[in-house]
Structure formats: structure tokens, C-alpha cells
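Undergrad: Structure file upload-v5.txt (compact mmCIF, C-alpha atoms) is given on the next line.
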# COMPACT_ATOMS: atom_id res chain seq x y z
CA MET J 1 30.12 -4.21 3.49
CA LYS J 2 31.73 -0.76 3.24
CA THR J 3 32.54 1.18 6.41
CA LYS J 4 29.90 3.77 7.07
CA HIS J 5 31.22 7.32 7.46
CA MET J 6 29.17 9.75 9.47
CA TYR J 7 28.10 12.74 7.44
CA LYS J 8 26.44 15.83 8.89
CA ALA J 9 23.64 17.93 7.42
CA TYR J 10 22.96 21.39 8.85
CA LEU J 11 19.47 22.87 8.58
CA LYS J 12 18.52 26.44 7.75
CA PRO J 13 17.33 28.49 10.77
CA GLY J 14 13.87 27.45 11.96
CA LYS J 15 13.69 24.39 9.68
CA GLU J 16 13.88 21.94 12.59
CA GLU J 17 10.27 22.48 13.73
CA SER J 18 8.78 19.48 11.89
CA LEU J 19 11.61 17.23 13.19
CA LYS J 20 10.88 18.41 16.73
CA ARG J 21 7.39 17.02 16.10
CA PHE J 22 9.03 13.74 14.99
CA HIS J 23 8.09 14.05 11.31
CA PRO J 24 10.35 11.50 9.56
CA TRP J 25 11.31 13.50 6.44
CA VAL J 26 13.88 16.23 5.86
CA PHE J 27 13.21 18.17 2.66
CA SER J 28 16.10 19.31 0.48
CA GLY J 29 14.97 22.96 0.78
CA ALA J 30 15.45 22.84 4.56
CA ILE J 31 19.15 21.93 4.36
CA ALA J 32 21.76 24.72 4.47
CA ARG J 33 24.79 22.48 3.84
CA ILE J 34 26.11 18.94 4.17
CA GLU J 35 29.59 18.13 5.43
CA GLY J 36 31.36 15.67 3.15
CA GLN J 37 29.91 14.00 0.08
CA PRO J 38 27.51 11.24 1.14
CA GLU J 39 26.32 8.80 -1.49
CA GLU J 40 22.65 7.91 -1.79
CA GLY J 41 21.71 5.58 1.04
CA ASP J 42 24.46 6.72 3.42
CA ILE J 43 23.57 7.64 7.00
CA VAL J 44 23.56 11.39 7.67
CA GLU J 45 23.22 13.10 11.05
CA VAL J 46 20.98 16.17 11.02
CA TYR J 47 21.85 19.27 13.08
CA THR J 48 19.99 22.52 13.63
CA ALA J 49 21.48 25.88 12.60
CA GLN J 50 22.53 26.13 16.29
CA ASN J 51 24.57 22.90 15.87
CA GLU J 52 22.22 20.74 18.00
CA PHE J 53 21.72 17.11 16.96
CA ILE J 54 18.11 16.42 16.01
CA ALA J 55 17.93 13.20 13.91
CA LYS J 56 19.75 10.74 11.67
CA GLY J 57 18.67 8.85 8.59
CA HIS J 58 19.23 7.71 5.01
CA CYS J 59 20.10 10.44 2.53
CA GLN J 60 18.89 10.51 -1.06
CA ILE J 61 18.53 12.79 -4.08
CA GLY J 62 15.11 14.43 -4.47
CA SER J 63 12.73 16.66 -2.56
CA ILE J 64 12.84 14.28 0.44
CA ALA J 65 16.59 14.47 1.10
CA ILE J 66 16.74 12.45 4.33
CA ARG J 67 14.38 9.79 5.69
CA VAL J 68 14.75 9.72 9.45
CA LEU J 69 15.56 6.40 11.13
CA SER J 70 16.28 7.67 14.64
CA PHE J 71 15.92 10.81 16.75
CA ARG J 72 18.62 9.54 19.18
CA GLN J 73 22.27 10.39 18.62
CA ASP J 74 23.52 7.32 20.50
CA GLU J 75 21.43 4.86 18.42
CA LYS J 76 23.60 3.08 15.85
CA ILE J 77 22.03 1.99 12.56
CA ASP J 78 23.28 -1.61 12.49
CA ARG J 79 21.89 -5.13 12.48
CA ASP J 80 20.72 -4.75 16.10
CA PHE J 81 18.83 -1.60 15.11
CA TRP J 82 17.05 -3.40 12.27
CA ARG J 83 16.29 -6.34 14.55
CA ARG J 84 14.74 -4.08 17.22
CA LYS J 85 12.58 -2.22 14.69
CA LEU J 86 11.42 -5.41 12.96
CA GLN J 87 10.72 -7.06 16.32
CA ALA J 88 8.56 -4.08 17.35
CA ALA J 89 6.61 -4.37 14.06
CA TYR J 90 6.21 -8.14 14.51
CA ASP J 91 5.12 -7.77 18.16
CA MET J 92 2.44 -5.24 17.22
CA ARG J 93 0.91 -7.64 14.66
CA ARG J 94 1.01 -10.54 17.12
CA ASN J 95 -0.55 -8.33 19.78
CA LEU J 96 -3.44 -7.61 17.38
CA HIS J 97 -3.71 -11.28 16.31
CA ILE J 98 -2.87 -10.35 12.71
CA GLY J 99 -1.33 -13.18 10.71
CA GLY J 100 0.29 -16.22 12.22
CA ASN J 101 -2.59 -18.64 11.70
CA PRO J 102 -3.31 -20.97 8.76
CA ALA J 103 -6.62 -19.26 7.89
CA ASN J 104 -4.91 -15.86 7.62
CA ASP J 105 -1.22 -16.05 6.72
CA THR J 106 -1.22 -12.89 4.54
CA TYR J 107 -0.39 -9.55 6.18
CA ARG J 108 1.91 -6.54 6.12
CA LEU J 109 4.78 -6.81 8.60
CA VAL J 110 6.44 -3.45 7.86
CA HIS J 111 4.60 -0.39 6.59
CA GLY J 112 7.30 2.23 6.03
CA GLU J 113 6.88 5.35 8.15
CA GLY J 114 3.97 3.69 9.99
CA ASP J 115 6.52 1.31 11.55
CA ASN J 116 9.28 3.91 11.86
CA LEU J 117 11.12 2.38 8.90
CA PRO J 118 10.62 4.97 6.13
CA GLY J 119 11.16 3.49 2.69
CA LEU J 120 10.71 -0.17 3.67
CA VAL J 121 7.74 -2.47 3.04
CA VAL J 122 7.57 -6.15 4.04
CA ASP J 123 4.55 -8.31 3.25
CA ILE J 124 4.17 -11.89 4.49
CA TYR J 125 2.57 -14.47 2.21
CA GLY J 126 2.48 -17.83 3.96
CA ARG J 127 6.13 -18.80 4.46
CA THR J 128 7.56 -16.11 2.18
CA ALA J 129 8.41 -12.52 3.13
CA VAL J 130 8.40 -10.09 0.20
CA MET J 131 10.63 -7.11 0.93
CA GLN J 132 10.43 -3.86 -1.03
CA ALA J 133 12.64 -0.77 -0.85
CA HIS J 134 11.17 2.62 -1.73
CA SER J 135 14.36 4.49 -0.82
CA PRO J 136 18.02 4.03 -1.84
CA GLY J 137 18.98 3.64 1.85
CA MET J 138 16.77 0.60 2.36
CA HIS J 139 18.20 -0.87 -0.86
CA VAL J 140 21.79 -0.33 0.30
CA ASP J 141 21.01 -1.95 3.68
CA ARG J 142 18.86 -4.78 2.25
CA MET J 143 21.15 -7.65 3.28
CA GLU J 144 21.46 -6.46 6.90
CA ILE J 145 17.67 -6.02 6.97
CA ALA J 146 17.11 -9.51 5.48
CA ASP J 147 19.41 -11.04 8.13
CA ALA J 148 17.54 -9.21 10.91
CA LEU J 149 14.20 -10.27 9.38
CA ALA J 150 15.29 -13.92 9.37
CA ASP J 151 16.30 -13.55 13.06
CA VAL J 152 12.94 -12.02 14.06
CA MET J 153 10.69 -14.33 12.02
CA GLY J 154 12.61 -17.50 12.88
CA ASP J 155 11.06 -20.65 11.45
CA THR J 156 7.74 -18.96 10.56
CA ILE J 157 9.22 -18.07 7.13
CA ASP J 158 11.68 -19.90 4.92
CA SER J 159 12.15 -17.40 2.06
CA ILE J 160 12.77 -13.68 1.63
CA TYR J 161 12.08 -12.29 -1.85
CA TYR J 162 13.37 -8.82 -2.78
CA LYS J 163 11.12 -6.87 -5.17
CA SER J 164 12.32 -3.32 -5.78
CA GLU J 165 12.99 -3.03 -9.51
CA SER J 166 10.00 -0.72 -10.02
CA THR J 167 9.92 1.13 -6.68
CA LEU J 168 13.34 2.80 -6.43
CA PRO J 169 14.00 6.21 -7.97
CA TYR J 170 15.61 5.57 -11.37
CA LYS J 171 17.97 8.56 -10.94
CA ALA J 172 19.75 6.70 -8.15
CA ASP J 173 21.52 4.34 -10.64
CA LEU J 174 21.09 1.43 -8.22
CA TYR J 175 20.02 -1.20 -10.79
CA PRO J 176 18.14 -3.35 -8.24
CA GLU J 177 17.37 -6.89 -9.27
CA ASN J 178 14.32 -8.77 -8.05
CA GLY J 179 15.14 -12.15 -6.58
CA PHE J 180 15.38 -14.30 -3.47
CA LEU J 181 17.75 -13.02 -0.76
CA LYS J 182 17.08 -16.18 1.26
CA GLY J 183 15.42 -19.47 0.28
CA SER J 184 13.50 -19.99 -2.94
CA ASN J 185 9.87 -20.75 -2.15
CA THR J 186 7.86 -21.61 -5.25
CA ASP J 187 4.56 -22.17 -3.39
CA ASN J 188 2.89 -18.85 -4.12
CA VAL J 189 -0.54 -19.56 -2.64
CA ALA J 190 -1.41 -17.55 0.46
CA THR J 191 -4.56 -17.57 2.61
CA GLU J 192 -6.66 -14.59 3.71
CA TYR J 193 -9.66 -15.22 5.97
CA GLY J 194 -9.77 -18.80 4.72
CA LEU J 195 -9.74 -17.85 1.02
CA LYS J 196 -6.77 -18.82 -1.15
CA PHE J 197 -4.92 -16.52 -3.56
CA HIS J 198 -2.10 -16.99 -6.05
CA ILE J 199 0.41 -14.25 -5.22
CA ASP J 200 2.44 -12.98 -8.15
CA TRP J 201 5.45 -11.62 -6.26
CA LEU J 202 7.65 -12.16 -9.32
CA LYS J 203 5.88 -9.77 -11.71
CA GLY J 204 2.74 -8.50 -9.97
CA GLN J 205 1.99 -4.97 -8.79
CA LYS J 206 3.11 -3.83 -5.32
CA THR J 207 4.42 -6.98 -3.61
CA GLY J 208 2.05 -9.19 -5.62
CA PHE J 209 -1.26 -8.58 -3.84
CA PHE J 210 -3.21 -5.67 -2.34
CA VAL J 211 -3.01 -6.65 1.32
CA ASP J 212 -4.42 -3.26 2.35
CA GLN J 213 -7.97 -4.09 1.19
CA ARG J 214 -8.38 -7.18 3.41
CA GLU J 215 -10.94 -5.72 5.88
CA ASN J 216 -12.80 -3.92 3.09
CA ARG J 217 -13.07 -7.18 1.12
CA ALA J 218 -14.49 -8.84 4.25
CA LEU J 219 -17.04 -5.99 4.57
CA LEU J 220 -18.09 -6.47 0.93
CA GLU J 221 -18.67 -10.18 1.62
CA ARG J 222 -21.30 -9.22 4.23
CA TYR J 223 -23.26 -7.23 1.63
CA ALA J 224 -22.82 -9.58 -1.34
CA HIS J 225 -25.69 -12.04 -0.81
CA GLY J 226 -28.07 -12.22 -3.76
CA ARG J 227 -26.49 -9.23 -5.50
CA THR J 228 -25.22 -8.74 -9.06
CA ILE J 229 -21.71 -7.39 -8.60
CA LEU J 230 -19.21 -5.53 -10.77
CA ASN J 231 -15.58 -5.51 -9.56
CA MET J 232 -13.88 -2.80 -11.60
CA PHE J 233 -10.04 -2.62 -11.73
CA CYS J 234 -10.17 -6.11 -10.26
CA TYR J 235 -6.39 -6.81 -10.44
CA THR J 236 -6.17 -10.36 -9.00
CA GLY J 237 -9.88 -10.57 -8.14
CA GLY J 238 -9.75 -10.13 -4.36
CA PHE J 239 -13.17 -8.47 -4.04
CA SER J 240 -14.64 -10.95 -6.52
CA VAL J 241 -13.55 -13.99 -4.51
CA TYR J 242 -15.06 -12.55 -1.32
CA ALA J 243 -18.27 -11.65 -3.19
CA MET J 244 -18.57 -15.26 -4.39
CA ARG J 245 -18.22 -16.58 -0.84
CA GLY J 246 -20.76 -13.99 0.31
CA GLY J 247 -23.39 -15.57 -1.93
CA ALA J 248 -23.46 -13.12 -4.84
CA ARG J 249 -25.87 -14.04 -7.63
CA LEU J 250 -23.41 -12.98 -10.32
CA VAL J 251 -19.90 -11.45 -10.28
CA HIS J 252 -18.20 -9.69 -13.19
CA SER J 253 -14.51 -8.73 -12.89
CA VAL J 254 -13.02 -6.09 -15.21
CA ASP J 255 -9.40 -5.00 -15.70
CA SER J 256 -7.56 -3.55 -18.69
CA SER J 257 -4.70 -6.04 -18.09
CA ALA J 258 -5.17 -9.51 -19.62
CA LYS J 259 -2.60 -10.80 -17.11
CA ALA J 260 -4.73 -9.53 -14.19
CA ILE J 261 -7.80 -11.21 -15.68
CA ASP J 262 -5.86 -14.46 -15.96
CA LEU J 263 -4.90 -14.25 -12.27
CA THR J 264 -8.49 -13.39 -11.29
CA ASN J 265 -9.79 -16.47 -13.10
CA LYS J 266 -7.12 -18.61 -11.39
CA ASN J 267 -8.09 -17.26 -7.95
CA ILE J 268 -11.79 -17.88 -8.57
CA ALA J 269 -11.00 -21.45 -9.73
CA LEU J 270 -8.80 -22.00 -6.67
CA ASN J 271 -11.74 -21.25 -4.33
CA PHE J 272 -14.83 -22.02 -6.46
CA PRO J 273 -13.96 -24.58 -9.15
CA ASP J 274 -16.60 -24.95 -11.89
CA ASP J 275 -18.74 -22.15 -10.43
CA THR J 276 -20.54 -20.41 -13.30
CA ARG J 277 -21.48 -17.24 -11.40
CA HIS J 278 -18.23 -15.46 -12.34
CA THR J 279 -17.04 -13.94 -15.64
CA ALA J 280 -13.97 -11.75 -16.20
CA TYR J 281 -13.36 -9.18 -18.96
CA ALA J 282 -10.09 -7.59 -20.11
CA GLU J 283 -11.36 -4.15 -21.06
CA ASP J 284 -10.82 -0.45 -20.33
CA ALA J 285 -12.90 0.62 -17.31
CA PHE J 286 -14.48 3.69 -18.87
CA LYS J 287 -15.40 1.83 -22.05
CA TYR J 288 -16.99 -0.96 -20.00
CA LEU J 289 -18.97 1.52 -17.87
CA ASP J 290 -20.11 3.34 -21.00
CA ARG J 291 -21.52 0.26 -22.67
CA MET J 292 -22.97 -1.51 -19.64
CA GLU J 293 -26.72 -1.69 -19.20
CA ASN J 294 -28.39 0.77 -16.80
CA GLY J 295 -29.52 -0.85 -13.56
CA PHE J 296 -27.85 -4.19 -14.28
CA TYR J 297 -25.54 -4.14 -11.22
CA ASP J 298 -26.69 -3.48 -7.67
CA LEU J 299 -23.18 -3.52 -6.17
CA ILE J 300 -20.20 -1.88 -7.87
CA VAL J 301 -16.59 -1.80 -6.62
CA LEU J 302 -14.35 0.98 -7.95
CA ASP J 303 -10.77 0.44 -6.77
CA PRO J 304 -8.62 2.20 -9.40
CA PRO J 305 -4.82 2.44 -9.37
CA ALA J 306 -3.45 5.73 -7.97
CA PHE J 307 -4.71 8.52 -10.22
CA ALA J 308 -2.24 10.94 -8.59
CA LYS J 309 1.21 9.80 -7.60
CA HIS J 310 2.30 13.43 -6.98
CA ARG J 311 0.69 16.71 -5.89
CA ASP J 312 1.10 18.11 -9.46
CA ALA J 313 -1.34 15.51 -10.78
CA LEU J 314 -4.01 16.28 -8.15
CA ARG J 315 -6.39 18.27 -10.39
CA ASN J 316 -6.44 15.62 -13.11
CA ALA J 317 -6.81 12.87 -10.51
CA LEU J 318 -9.88 14.49 -8.93
CA GLN J 319 -11.39 14.89 -12.40
CA GLY J 320 -10.76 11.17 -13.00
CA TYR J 321 -12.48 10.20 -9.73
CA ARG J 322 -15.46 12.46 -10.53
CA LYS J 323 -15.87 11.06 -14.03
CA LEU J 324 -15.52 7.43 -12.92
CA ASN J 325 -17.92 7.69 -9.99
CA ALA J 326 -20.49 9.75 -11.93
CA LYS J 327 -20.66 6.92 -14.45
CA ALA J 328 -21.24 4.38 -11.66
CA PHE J 329 -23.93 6.58 -10.01
CA GLU J 330 -25.65 6.94 -13.38
CA LYS J 331 -25.71 3.20 -14.09
CA ILE J 332 -26.16 1.48 -10.70
CA LYS J 333 -29.55 -0.06 -9.87
CA PRO J 334 -31.74 1.83 -7.34
CA GLY J 335 -31.00 0.45 -3.86
CA GLY J 336 -27.48 -0.41 -5.02
CA LEU J 337 -24.22 -0.15 -3.10
CA LEU J 338 -21.08 1.55 -4.37
CA PHE J 339 -17.72 0.67 -2.78
CA THR J 340 -15.41 3.42 -4.06
CA PHE J 341 -11.72 3.94 -3.22
CA SER J 342 -8.68 6.12 -3.76
CA CYS J 343 -5.18 4.90 -2.95
CA SER J 344 -3.49 8.17 -4.07
CA GLN J 345 -1.49 9.65 -1.18
CA ALA J 346 -1.78 13.11 -2.80
CA VAL J 347 -5.60 12.93 -2.59
CA ASP J 348 -6.69 13.46 1.01
CA LYS J 349 -10.02 12.37 2.53
CA ASP J 350 -11.68 15.75 1.96
CA HIS J 351 -10.56 15.96 -1.68
CA PHE J 352 -11.85 12.46 -2.32
CA ARG J 353 -15.17 13.02 -0.62
CA THR J 354 -15.70 16.28 -2.53
CA ALA J 355 -15.00 14.49 -5.83
CA ILE J 356 -17.59 11.80 -4.95
CA PHE J 357 -20.10 14.45 -3.76
CA THR J 358 -19.72 16.31 -7.08
CA ALA J 359 -20.15 13.07 -9.04
CA ALA J 360 -23.34 12.26 -7.11
CA ALA J 361 -24.71 15.79 -7.54
CA THR J 362 -24.26 15.70 -11.34
CA THR J 363 -26.47 12.60 -11.52
CA GLY J 364 -29.10 13.88 -9.07
CA ARG J 365 -29.35 10.50 -7.28
CA ASN J 366 -29.99 10.32 -3.54
CA VAL J 367 -26.78 8.99 -2.00
CA ARG J 368 -26.00 8.11 1.62
CA ILE J 369 -22.66 7.27 3.19
CA LEU J 370 -22.82 3.94 5.07
CA HIS J 371 -19.13 3.42 5.82
CA GLN J 372 -15.93 5.47 5.66
CA LEU J 373 -13.08 3.09 5.02
CA THR J 374 -9.31 3.22 5.37
CA GLN J 375 -6.32 0.92 5.51
CA PRO J 376 -6.19 -1.96 8.06
CA ALA J 377 -4.22 -2.13 11.31
CA ASP J 378 -1.19 -3.80 9.70
CA HIS J 379 -0.83 -0.61 7.60
CA PRO J 380 -0.60 1.76 10.60
CA VAL J 381 -0.31 5.53 10.27
CA ASN J 382 2.47 7.11 12.31
CA ILE J 383 0.71 9.87 14.27
CA TYR J 384 3.62 12.21 13.44
CA HIS J 385 3.29 11.42 9.71
CA PRO J 386 -0.38 11.91 8.73
CA GLU J 387 0.56 11.59 5.02
CA GLY J 388 0.75 7.84 5.69
CA GLU J 389 -3.06 7.62 5.55
CA TYR J 390 -3.23 6.91 1.83
CA LEU J 391 -6.24 4.57 1.40
CA LYS J 392 -9.65 6.21 1.44
CA GLY J 393 -12.94 4.48 0.77
CA LEU J 394 -16.68 5.08 1.00
CA VAL J 395 -19.56 2.62 0.92
CA LEU J 396 -22.57 4.44 -0.50
CA TYR J 397 -26.24 3.57 -0.72
CA VAL J 398 -27.70 4.86 -3.98
CA GLU J 399 -31.49 5.25 -4.21
Just give me the structure as C-alpha cells.
TA:
Amino acid sequence: MKTKHMYKAYLKPGKEESLKRFHPWVFSGAIARIEGQPEEGDIVEVYTAQNEFIAKGHCQIGSIAIRVLSFRQDEKIDRDFWRRKLQAAYDMRRNLHIGGNPANDTYRLVHGEGDNLPGLVVDIYGRTAVMQAHSPGMHVDRMEIADALADVMGDTIDSIYYKSESTLPYKADLYPENGFLKGSNTDNVATEYGLKFHIDWLKGQKTGFFVDQRENRALLERYAHGRTILNMFCYTGGFSVYAMRGGARLVHSVDSSAKAIDLTNKNIALNFPDDTRHTAYAEDAFKYLDRMENGFYDLIVLDPPAFAKHRDALRNALQGYRKLNAKAFEKIKPGGLLFTFSCSQAVDKDHFRTAIFTAAATTGRNVRILHQLTQPADHPVNIYHPEGEYLKGLVLYVE
């Protein structure tokens, strides 16, 4: 491993305020100059215009120029650092009884800024950890992190799979390759609340499964009994499997990806072999909603992919949410439940709620909010980084 030089970034006057409030990002516009020529992923110390140390972190090209790893000058970023941070993340999950038992061996161990490790995600699926870098720095340090992860997890895991081909900025010229950093576990079935799921960590979205919807899937199960359910944007069929166990009368899963539909069918078969209550369709969501019969479904799940990955796309995203939800309000059976979500970080709770309110108003239906949903405890939000609250959901009763 190359020797790490210490580079220094100096902020413009007054630009240290957010760092004094422990916000973990330094924006490129706040930096006056950088001493030396750090490469992407190098560690840079950040100083105020008055030459006072304030933070250190990974540097990168882009509007977020530095992701803060430590606010202490004497804290080295080495294997011990990674071990301490990963241990703290692991201890929090154990403290909350998340993961670590055969009926629930699927959880998020590291949630980026929420665990003071900006740019790093680690999900645990049974005996495999899937590690994902969202910043060049985490990619550069991946082997040190994997070693520290193996130390912390001990014999509870036997494989670490690295999956960052689609999550790193392409401008960084890092050419990451997905593959095992340790072990080579081929058993890709994990368990969540006693239900089994095939996890596609090789080619699937995110790390292979949407761990963040676990508690919301469990809530849906409580309302599923006797209902006719549509799971739209079903991906691998998580909500559908819970609905089946909850005693749904009928479950339809829809996704535009044939591969997702294939995985959904496999997951249903894994838990409910030869059960005829479920059918899956590979079809565009809007087309399906357009042609479906009014009043056929009395529970609809709308869990679309992020409509807005960036602030610039916000207007179009809100229009997408309005259009999608208006169609569901129009078609759902009276007395029906709508579980509707946004996972776009750029869309905050108020934006989302306004979009849903507008959609309801255009249809004139009476709508009541039963639950306001968010991400689960293994996806914590750092109190100094409110942007980390990305998952928003509402459960609505539609008269």
C-alpha cells in the first residue's frame, strides 16, 4: 500500500460553520486552496482561514470535495480506525438486537454518514458481508476496511463481497471490479423475519436487496389478511412475500424488469411453493395502472426507484410522484390502503407529502394518513447530517 502523504485544504473565511456543527461534507466552493496535489481518495486535513485544524477526510472531485472521517487531529486513519468505527456500528446493531439470529440474518451493518463512515455501505446477508463504496476514498481503502471488517465480525461471516462497479463516480477513473475480497460464498439465501430471500449481490440493485424496507414490509403483513394486493415496482418481491404470509387473498407483483420478475417468482416459490395466490407481470408501471380495473385492488404498494437522484431533477420527480399516486387513488377500491414511498434523497418529507396531497386532491377521494414511515434503525440518520433521512413513506386509508 502506498505511503499516505498529509495534504492540507484551507477554507474560505466563514466556511467552517457547518463543520463546527459536525456536518461531514466539505463542498468544493468552500475551499480556498489545497496544499500539494492529492489524488482522489487521499486523506486531506481541513483548516480554517485562520489556520485552525477542523477536520480530516477523503478528498474527491465533485461538489462534495471532502468527506469527513474525523474531527480530531490526532486520530490516524488506519486499520485501527476502521476497526473502531466498524466495531461501534456492530455494537449498535447488537444493542438493538438487529441481526445475529437465524430468523433475521439480513441487516445493514454500515450506513455511510449515519455510522460516521461517509461513502461506505455494508449489508450482511447470512454469512456474507456485501461492501459498497460510494466515494473514491472508500474504494482506495477497501482492503484495509475488509481486514478490519473480518476482525470485527469474526466467525459470524465467512465472505466479503465488494460491489461498487455502479456506485463510484465514473470521472474518478477507478475501474472498480465487483468480486469477493474474502471467501467465496455461493449460498445467496438470507432470512428476514423468518422469510427466505434469494439475494442477487452479483448483479442486483443496491447490494442485492432493499434491506431498508424490512419494518415497512412487516407492517404491510399486518394489514394483508383477506386483501387483493398490488405490489408495484416489486423488484425481488419483498412486499409480496410478506403479503402472502399475512394471508392476502391475491397478490400481483409488477416490475418493468423481467429479471426482477424472475427473482420475485423464485422468492415466492422459496416461501410458498405451489401457492396459486401470486402472479407476477413484467410491465411498465404506468401502463399497468392505466389498464387495470377500477376497484380491483384494496391494497396497493408504490415503491418506485429514486425519481430524483439530484436536486436538479426535483421538479420532474415531484411530477412523477403526483402522476403515479393520482393513478393509484383513482383506481383503488373504497376502504383500500395505499403504501406509498420515495427513496429520493433530494425529495424531503414535506415535498413528498405535498405531492401526495396534490394527487389525492385531483381525484377528490377522502384520504387519511395512518402511518408516516421512514428507514429502520440499522439505517440511522446522523443528527448532524439530516440529509441522511432519504426514505419517506405514508400508509393512507382511501374512502
Undergrad: Between J:Ser159, J:Asn316, J:Thr207, J:Gln73, which is the closest to Asp123 of chain J once you count only C-alpha atoms?
TA: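 Ranked by minimum distance to Asp123 of chain J, first place goes to J:Thr207.
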Undergrad: Atom CA of Val122 of chain J and atom CA of Arg21 of chain J are how many Å apart?
TA: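 Between atom CA of Val122 of chain J and atom CA of Arg21 of chain J the gap works out to 26.1 Å.
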Undergrad: Using all atoms listed in the file, find all polymer residues with an atom at most 9 Å away from the point (-22.4, -11.6, -1.7); report them as a list of chain:residue names.
TA: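 The distance filter leaves exactly J:Leu220, J:Glu221, J:Arg222, J:Tyr223, J:Ala224, J:His225, J:Gly226, J:Arg227, J:Thr228, J:Ile229, J:Tyr242, J:Ala243, J:Met244, J:Arg245, J:Gly246, J:Gly247, J:Ala248, J:Arg249, J:Leu250, J:Val251.
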Undergrad: Which one of J:Ala49, J:Cys343, J:Cys234, J:Ala55 sits closest to Pro24 of chain J if you count all atoms listed in the file?
TA: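 The closest residue to Pro24 of chain J is J:Ala55.
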Undergrad: Can you list, as a VMD selection string, every protein, DNA or RNA residue that comes within 8 Å of segment 361-368 of chain J when you count all atoms listed in the file, leaving out same-chain residues fewer than 6 positions away?
TA: chain J and resid 326 329 to 330 396 to 399
Undergrad: J:Phe197, J:Met232, J:Pro334, J:Met153: which is nearest Ala269 of chain J, counting all atoms listed in the file?
TA: J:Phe197
Undergrad: Could you pull the residues within 12 Å of Ala9 of chain J, counting all atoms listed in the file, minus those fewer than 2 positions along the same chain, as an mmCIF file with C-alpha atoms, in the coordinates of the input?
TA:
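Ended up saving to selection-v9.cif:
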data_model
loop_
_atom_site.group_PDB
_atom_site.id
_atom_site.type_symbol
_atom_site.label_atom_id
_atom_site.label_comp_id
_atom_site.auth_asym_id
_atom_site.auth_seq_id
_atom_site.Cartn_x
_atom_site.Cartn_y
_atom_site.Cartn_z
ATOM 1 C CA MET J 6 29.170 9.750 9.470
ATOM 2 C CA TYR J 7 28.100 12.740 7.440
ATOM 3 C CA LEU J 11 19.470 22.870 8.580
ATOM 4 C CA LYS J 12 18.520 26.440 7.750
ATOM 5 C CA GLU J 16 13.880 21.940 12.590
ATOM 6 C CA VAL J 26 13.880 16.230 5.860
ATOM 7 C CA PHE J 27 13.210 18.170 2.660
ATOM 8 C CA SER J 28 16.100 19.310 0.480
ATOM 9 C CA ALA J 30 15.450 22.840 4.560
ATOM 10 C CA ILE J 31 19.150 21.930 4.360
ATOM 11 C CA ALA J 32 21.760 24.720 4.470
ATOM 12 C CA ARG J 33 24.790 22.480 3.840
ATOM 13 C CA ILE J 34 26.110 18.940 4.170
ATOM 14 C CA GLU J 35 29.590 18.130 5.430
ATOM 15 C CA GLY J 36 31.360 15.670 3.150
ATOM 16 C CA GLN J 37 29.910 14.000 0.080
ATOM 17 C CA PRO J 38 27.510 11.240 1.140
ATOM 18 C CA ASP J 42 24.460 6.720 3.420
ATOM 19 C CA ILE J 43 23.570 7.640 7.000
ATOM 20 C CA VAL J 44 23.560 11.390 7.670
ATOM 21 C CA GLU J 45 23.220 13.100 11.050
ATOM 22 C CA VAL J 46 20.980 16.170 11.020
ATOM 23 C CA TYR J 47 21.850 19.270 13.080
ATOM 24 C CA THR J 48 19.990 22.520 13.630
ATOM 25 C CA ALA J 49 21.480 25.880 12.600
ATOM 26 C CA ASN J 51 24.570 22.900 15.870
ATOM 27 C CA GLU J 52 22.220 20.740 18.000
ATOM 28 C CA PHE J 53 21.720 17.110 16.960
ATOM 29 C CA ILE J 54 18.110 16.420 16.010
ATOM 30 C CA ALA J 55 17.930 13.200 13.910
ATOM 31 C CA LYS J 56 19.750 10.740 11.670
ATOM 32 C CA GLY J 57 18.670 8.850 8.590
ATOM 33 C CA HIS J 58 19.230 7.710 5.010
ATOM 34 C CA CYS J 59 20.100 10.440 2.530
ATOM 35 C CA ALA J 65 16.590 14.470 1.100
ATOM 36 C CA ILE J 66 16.740 12.450 4.330
#
Undergrad: What is the distance, in Å and to one decimal place, between atom CA of Thr264 of chain J and atom CA of Lys323 of chain J?
TA: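 Between atom CA of Thr264 of chain J and atom CA of Lys323 of chain J the gap is 25.7 Å.
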Undergrad: Quick one: of J:Val347, J:Leu289, J:Ala360, J:Ala282, who's nearest to Phe307 of chain J, counting all atoms listed in the file?
TA: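 Using all atoms listed in the file, Phe307 of chain J sits closest to J:Val347.
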Undergrad: Expressed in Å to a single decimal, how great is the separation between atom CA of Leu149 of chain J and atom CA of Arg214 of chain J?
TA: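 Distance reported for this atom pair: 23.6 Å.
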Undergrad: When you look at Asp350 of chain J with a cut-off of 12 Å (counting all atoms listed in the file), what residues show up, excluding the ones that are within fewer than 6 positions of it in the same chain? I need them as a list in words.
TA: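 Those residues are Leu318, Ser342, Ile356, Phe357, Gln372, Lys392, Gly393 and Leu394 of chain J.
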Undergrad: Got a sec to write segment 228-240 of chain J of the block to a file, N, CA and C atoms, as an mmCIF file, in the first residue's frame?
TA:
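See part-v3.cif below for the written result:
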data_model
loop_
_atom_site.group_PDB
_atom_site.id
_atom_site.type_symbol
_atom_site.label_atom_id
_atom_site.label_comp_id
_atom_site.auth_asym_id
_atom_site.auth_seq_id
_atom_site.Cartn_x
_atom_site.Cartn_y
_atom_site.Cartn_z
ATOM 1 N N THR J 228 -56.779 -7.989 -1.636
ATOM 2 C CA THR J 228 -56.264 -8.175 -3.001
ATOM 3 C C THR J 228 -55.192 -7.110 -3.205
ATOM 4 N N ILE J 229 -53.953 -7.552 -3.381
ATOM 5 C CA ILE J 229 -52.799 -6.640 -3.250
ATOM 6 C C ILE J 229 -52.034 -6.499 -4.553
ATOM 7 N N LEU J 230 -51.659 -5.237 -4.844
ATOM 8 C CA LEU J 230 -50.777 -4.945 -5.980
ATOM 9 C C LEU J 230 -49.463 -4.414 -5.435
ATOM 10 N N ASN J 231 -48.364 -5.089 -5.764
ATOM 11 C CA ASN J 231 -47.018 -4.633 -5.379
ATOM 12 C C ASN J 231 -46.330 -4.090 -6.634
ATOM 13 N N MET J 232 -46.338 -2.768 -6.743
ATOM 14 C CA MET J 232 -45.812 -2.116 -7.942
ATOM 15 C C MET J 232 -44.332 -1.787 -7.757
ATOM 16 N N PHE J 233 -43.512 -1.912 -8.785
ATOM 17 C CA PHE J 233 -42.048 -1.793 -8.701
ATOM 18 C C PHE J 233 -41.545 -2.828 -7.693
ATOM 19 N N CYS J 234 -41.932 -4.068 -7.903
ATOM 20 C CA CYS J 234 -41.755 -5.097 -6.856
ATOM 21 C C CYS J 234 -40.299 -5.500 -6.644
ATOM 22 N N TYR J 235 -39.402 -5.233 -7.604
ATOM 23 C CA TYR J 235 -38.006 -5.656 -7.569
ATOM 24 C C TYR J 235 -37.920 -7.155 -7.262
ATOM 25 N N THR J 236 -37.478 -7.557 -6.059
ATOM 26 C CA THR J 236 -37.369 -9.001 -5.799
ATOM 27 C C THR J 236 -38.570 -9.549 -5.017
ATOM 28 N N GLY J 237 -39.630 -8.745 -4.910
ATOM 29 C CA GLY J 237 -40.879 -9.261 -4.346
ATOM 30 C C GLY J 237 -40.979 -9.252 -2.837
ATOM 31 N N GLY J 238 -40.181 -8.415 -2.177
ATOM 32 C CA GLY J 238 -40.196 -8.382 -0.708
ATOM 33 C C GLY J 238 -41.585 -8.179 -0.120
ATOM 34 N N PHE J 239 -42.268 -7.114 -0.549
ATOM 35 C CA PHE J 239 -43.612 -6.835 -0.020
ATOM 36 C C PHE J 239 -44.578 -7.967 -0.359
ATOM 37 N N SER J 240 -44.396 -8.565 -1.531
ATOM 38 C CA SER J 240 -45.308 -9.646 -1.958
ATOM 39 C C SER J 240 -45.193 -10.865 -1.049
#
